[in-house]
Amino acid sequence: MKTGFLGAGKMAEGILSAIADKKAVVMAEKVPERRAALEKKYGVTTTASLVEAVKKTRLVFLAVRPQDVAEVAAAVKPALTEKHTLVSIVAGKSLASLRKAFGPKAGLVRVMPNLALRASAGMSAVCASKGTSESAVREVVKILSGAGEAVILKEKDFDAVTALSGSGPAYFAYMAEAMTEGGVKLGLKKDVALLLAMQTMYGTAKFLRENDVPLRTFIEGVCTKGGTTAAGMVKLDVPSFKKTVAETLAAAAARSKELGK
Ligand SMILES: NC(=O)c1ccc[n+]([C@@H]2O[C@H](COP(=O)([O-])OP(=O)(O)OC[C@H]3O[C@@H](n4cnc5c(N)ncnc54)[C@H](OP(=O)(O)O)[C@@H]3O)[C@@H](O)[C@H]2O)c1
């Protein structure tokens, strides 16, 4: 299926990297330098015209910032047909609001991806409006799975997804920042502490994803009795820590709900 992009920024490029047939991709993008760079790097077709991208493709990713959606919808609505499926990755825009903005004809898929898509290790949740072709939804899941993991969920879960995997990269990076600062306080050079923190975060995530070990078993395995990790965990494993994390996610979910209104 020919794939189009409305907006060719950071996230669009992450998704593009997972599309095998880049010659069948048409990307509409405002910035001329960005168009030239994408053509050179991937061999895709680019255009300044949103309507051209819609007319030449069937599966159309909406990848502009939330504040640009109304303008894009006004431009492409007359060009969308029953043969199109519009796939929105825009945070907070519900299927109902997209339907209102883009009209009744095209199939609609809503995706909540995360930034790790840009490293082909993204986490995306997918839901579709009633009547959207199953083959189009399968195609979306296939593309997103090529840039990480993709799961089909109900739209009611999207605020929680936004809070956990959507915002999650910032929370893990914050933890790495805190560990880097802790390492510096113990006398390490900042760049060394940063490398140690980041590679430890990456390696731990890789190990846990590749091995079927429950988190609790893993934690207890590292925390040998009387050892160094156990001494550290005395400070971290307190009810207030998990409470703070839960409150962080709840605040992000509440904001997602508010933005979706
Ligand atoms: N970044 C994340 O972690 C993340 C996670 C989940 C979901 N998302 C969603 O993904 C979407 C894209 O985010 P992003 O980080 O990729 O944004 P981005 O890098 O700013 O990309 C958006 C691109 O669309 C272009 N654009 C805007 N209006 C246009 C128009 N009328 N015609 C053609 N091109 C147009 C922008 O050009 P200008 O810069 O010139 O306006 C920009 O190059 C957002 O809606 C966001 O909510 C992002």
# chains A, B, ... in the order shown; residues from 1 in each chain; ligands from 1
>>> select_by_dssp(residues="stretch 37-229 of chain A", states="strand (DSSP E or B)", output="PDB file with N, CA and C atoms, in the first residue's frame")
ATOM      1  N   THR A  45       9.719  10.257  -2.162  1.00  0.00           N
ATOM      2  CA  THR A  45       9.220  11.426  -2.877  1.00  0.00           C
ATOM      3  C   THR A  45       8.744  12.420  -1.830  1.00  0.00           C
ATOM      4  N   THR A  46       9.071  13.698  -2.008  1.00  0.00           N
ATOM      5  CA  THR A  46       8.548  14.701  -1.080  1.00  0.00           C
ATOM      6  C   THR A  46       7.802  15.771  -1.865  1.00  0.00           C
ATOM      7  N   THR A  47       6.957  16.489  -1.150  1.00  0.00           N
ATOM      8  CA  THR A  47       6.182  17.549  -1.777  1.00  0.00           C
ATOM      9  C   THR A  47       5.842  18.610  -0.730  1.00  0.00           C
ATOM     10  N   LEU A  59      -2.491   4.950   2.642  1.00  0.00           N
ATOM     11  CA  LEU A  59      -2.290   4.945   4.096  1.00  0.00           C
ATOM     12  C   LEU A  59      -1.562   6.237   4.429  1.00  0.00           C
ATOM     13  N   VAL A  60      -2.235   7.140   5.164  1.00  0.00           N
ATOM     14  CA  VAL A  60      -1.674   8.485   5.326  1.00  0.00           C
ATOM     15  C   VAL A  60      -1.397   8.785   6.802  1.00  0.00           C
ATOM     16  N   PHE A  61      -0.140   8.903   7.158  1.00  0.00           N
ATOM     17  CA  PHE A  61       0.222   9.229   8.542  1.00  0.00           C
ATOM     18  C   PHE A  61       0.094  10.736   8.775  1.00  0.00           C
ATOM     19  N   LEU A  62      -0.629  11.090   9.830  1.00  0.00           N
ATOM     20  CA  LEU A  62      -0.738  12.493  10.239  1.00  0.00           C
ATOM     21  C   LEU A  62       0.311  12.716  11.324  1.00  0.00           C
ATOM     22  N   THR A  85      -6.856   5.520   4.541  1.00  0.00           N
ATOM     23  CA  THR A  85      -6.871   5.356   5.994  1.00  0.00           C
ATOM     24  C   THR A  85      -5.929   6.417   6.552  1.00  0.00           C
ATOM     25  N   LEU A  86      -6.465   7.259   7.435  1.00  0.00           N
ATOM     26  CA  LEU A  86      -5.651   8.296   8.065  1.00  0.00           C
ATOM     27  C   LEU A  86      -5.143   7.753   9.399  1.00  0.00           C
ATOM     28  N   VAL A  87      -3.837   7.808   9.597  1.00  0.00           N
ATOM     29  CA  VAL A  87      -3.224   7.251  10.815  1.00  0.00           C
ATOM     30  C   VAL A  87      -2.619   8.403  11.605  1.00  0.00           C
ATOM     31  N   SER A  88      -3.291   8.789  12.687  1.00  0.00           N
ATOM     32  CA  SER A  88      -2.806   9.938  13.458  1.00  0.00           C
ATOM     33  C   SER A  88      -1.863   9.497  14.576  1.00  0.00           C
ATOM     34  N   GLY A 107     -10.919   5.769   6.563  1.00  0.00           N
ATOM     35  CA  GLY A 107     -10.744   4.980   7.782  1.00  0.00           C
ATOM     36  C   GLY A 107      -9.842   5.773   8.723  1.00  0.00           C
ATOM     37  N   LEU A 108      -9.964   5.498  10.027  1.00  0.00           N
ATOM     38  CA  LEU A 108      -9.184   6.273  11.007  1.00  0.00           C
ATOM     39  C   LEU A 108      -8.457   5.354  11.989  1.00  0.00           C
ATOM     40  N   VAL A 109      -7.176   5.581  12.143  1.00  0.00           N
ATOM     41  CA  VAL A 109      -6.391   4.837  13.133  1.00  0.00           C
ATOM     42  C   VAL A 109      -5.696   5.862  14.012  1.00  0.00           C
ATOM     43  N   ARG A 110      -5.716   5.603  15.316  1.00  0.00           N
ATOM     44  CA  ARG A 110      -4.996   6.485  16.241  1.00  0.00           C
ATOM     45  C   ARG A 110      -3.827   5.699  16.853  1.00  0.00           C
ATOM     46  N   VAL A 111      -2.674   6.329  16.854  1.00  0.00           N
ATOM     47  CA  VAL A 111      -1.477   5.673  17.390  1.00  0.00           C
ATOM     48  C   VAL A 111      -0.864   6.548  18.467  1.00  0.00           C
ATOM     49  N   MET A 112      -0.460   5.946  19.579  1.00  0.00           N
ATOM     50  CA  MET A 112       0.355   6.664  20.558  1.00  0.00           C
ATOM     51  C   MET A 112       1.738   6.016  20.553  1.00  0.00           C
ATOM     52  N   GLY A 122      10.738   1.640  19.510  1.00  0.00           N
ATOM     53  CA  GLY A 122       9.569   2.362  20.016  1.00  0.00           C
ATOM     54  C   GLY A 122       8.540   1.463  20.672  1.00  0.00           C
ATOM     55  N   MET A 123       7.610   2.071  21.385  1.00  0.00           N
ATOM     56  CA  MET A 123       6.437   1.368  21.920  1.00  0.00           C
ATOM     57  C   MET A 123       5.221   2.134  21.434  1.00  0.00           C
ATOM     58  N   SER A 124       4.394   1.471  20.619  1.00  0.00           N
ATOM     59  CA  SER A 124       3.224   2.138  20.062  1.00  0.00           C
ATOM     60  C   SER A 124       1.953   1.396  20.437  1.00  0.00           C
ATOM     61  N   ALA A 125       0.926   2.167  20.811  1.00  0.00           N
ATOM     62  CA  ALA A 125      -0.412   1.599  20.998  1.00  0.00           C
ATOM     63  C   ALA A 125      -1.268   2.056  19.818  1.00  0.00           C
ATOM     64  N   VAL A 126      -2.160   1.163  19.386  1.00  0.00           N
ATOM     65  CA  VAL A 126      -2.957   1.417  18.179  1.00  0.00           C
ATOM     66  C   VAL A 126      -4.423   1.158  18.481  1.00  0.00           C
ATOM     67  N   CYS A 127      -5.304   2.052  18.020  1.00  0.00           N
ATOM     68  CA  CYS A 127      -6.744   1.762  18.036  1.00  0.00           C
ATOM     69  C   CYS A 127      -7.348   2.335  16.754  1.00  0.00           C
ATOM     70  N   ALA A 128      -8.498   1.799  16.370  1.00  0.00           N
ATOM     71  CA  ALA A 128      -9.088   2.234  15.097  1.00  0.00           C
ATOM     72  C   ALA A 128     -10.555   2.546  15.283  1.00  0.00           C
ATOM     73  N   GLY A 148       9.901  -1.105  16.443  1.00  0.00           N
ATOM     74  CA  GLY A 148       9.776  -1.415  17.873  1.00  0.00           C
ATOM     75  C   GLY A 148       8.642  -2.392  18.101  1.00  0.00           C
ATOM     76  N   GLU A 149       7.823  -2.112  19.128  1.00  0.00           N
ATOM     77  CA  GLU A 149       6.681  -2.973  19.461  1.00  0.00           C
ATOM     78  C   GLU A 149       5.394  -2.208  19.210  1.00  0.00           C
ATOM     79  N   ALA A 150       4.339  -2.926  18.842  1.00  0.00           N
ATOM     80  CA  ALA A 150       3.034  -2.285  18.677  1.00  0.00           C
ATOM     81  C   ALA A 150       1.948  -3.190  19.245  1.00  0.00           C
ATOM     82  N   VAL A 151       1.024  -2.607  19.996  1.00  0.00           N
ATOM     83  CA  VAL A 151      -0.105  -3.380  20.541  1.00  0.00           C
ATOM     84  C   VAL A 151      -1.416  -2.685  20.181  1.00  0.00           C
ATOM     85  N   ILE A 152      -2.448  -3.497  19.930  1.00  0.00           N
ATOM     86  CA  ILE A 152      -3.773  -2.922  19.685  1.00  0.00           C
ATOM     87  C   ILE A 152      -4.493  -2.841  21.022  1.00  0.00           C
TER      88      ILE A 152
END
>>> residues_near_ligand(ligand="ligand 1", cutoff="9 Å", atoms="only C-alpha atoms and all ligand atoms", output="PyMOL selection string")
chain A and resi 5-14+27-31+34+47-50+62-69+71-72+75+88-93+111-117+124+162+166-167+169-170
>>> closest_atom_pairs(of="stretch 140-190 of chain A", to="stretch 95-101 of chain A", cutoff="12 Å", atoms="only C-alpha atoms", output="CSV")
residue,atom,partner,partner_atom,distance
A:Lys154,CA,A:Leu95,CA,11.2
A:Glu155,CA,A:Leu95,CA,8.2
A:Lys156,CA,A:Leu95,CA,10.9
A:Phe158,CA,A:Leu95,CA,11.0
>>> write_last_selection(atoms="C-alpha atoms", output="CSV table (one decimal), in the first residue's frame")
chain,number,residue,atom,x,y,z
A,154,LYS,CA,-9.0,0.2,23.3
A,155,GLU,CA,-9.0,4.0,23.0
A,156,LYS,CA,-10.1,4.3,26.7
A,158,PHE,CA,-4.8,5.9,25.7
>>> residues_around(residues="stretch 191-201 of chain A", least_positions_apart="3", cutoff="8 Å", atoms="only C-alpha atoms", output="MDAnalysis selection string")
chainID A and resid 176:177 179:181 183:184 188 204:205
>>> write_last_selection(atoms="C-alpha atoms", output="PDB file, in the first residue's frame")
ATOM      1  CA  ALA A 176      19.757   8.321  34.404  1.00  0.00           C
ATOM      2  CA  GLU A 177      20.377  12.020  35.105  1.00  0.00           C
ATOM      3  CA  MET A 179      22.293   8.470  38.753  1.00  0.00           C
ATOM      4  CA  THR A 180      24.850  10.507  36.807  1.00  0.00           C
ATOM      5  CA  GLU A 181      24.678  13.289  39.413  1.00  0.00           C
ATOM      6  CA  GLY A 183      28.088   9.250  40.464  1.00  0.00           C
ATOM      7  CA  VAL A 184      29.663  12.711  40.172  1.00  0.00           C
ATOM      8  CA  LEU A 188      33.411  10.241  38.938  1.00  0.00           C
ATOM      9  CA  THR A 204      19.162  -3.689  31.971  1.00  0.00           C
ATOM     10  CA  ALA A 205      16.263  -3.008  29.599  1.00  0.00           C
TER      11      ALA A 205
END
>>> closest_residue(among="A:Phe102, A:Leu144, A:Leu259, A:Lys130", to="A:Ala73", atoms="only C-alpha atoms")
A:Phe102
>>> atom_distance(atom1="atom CA of A:Gly146", atom2="atom CA of A:Ile19")
7.5 Å
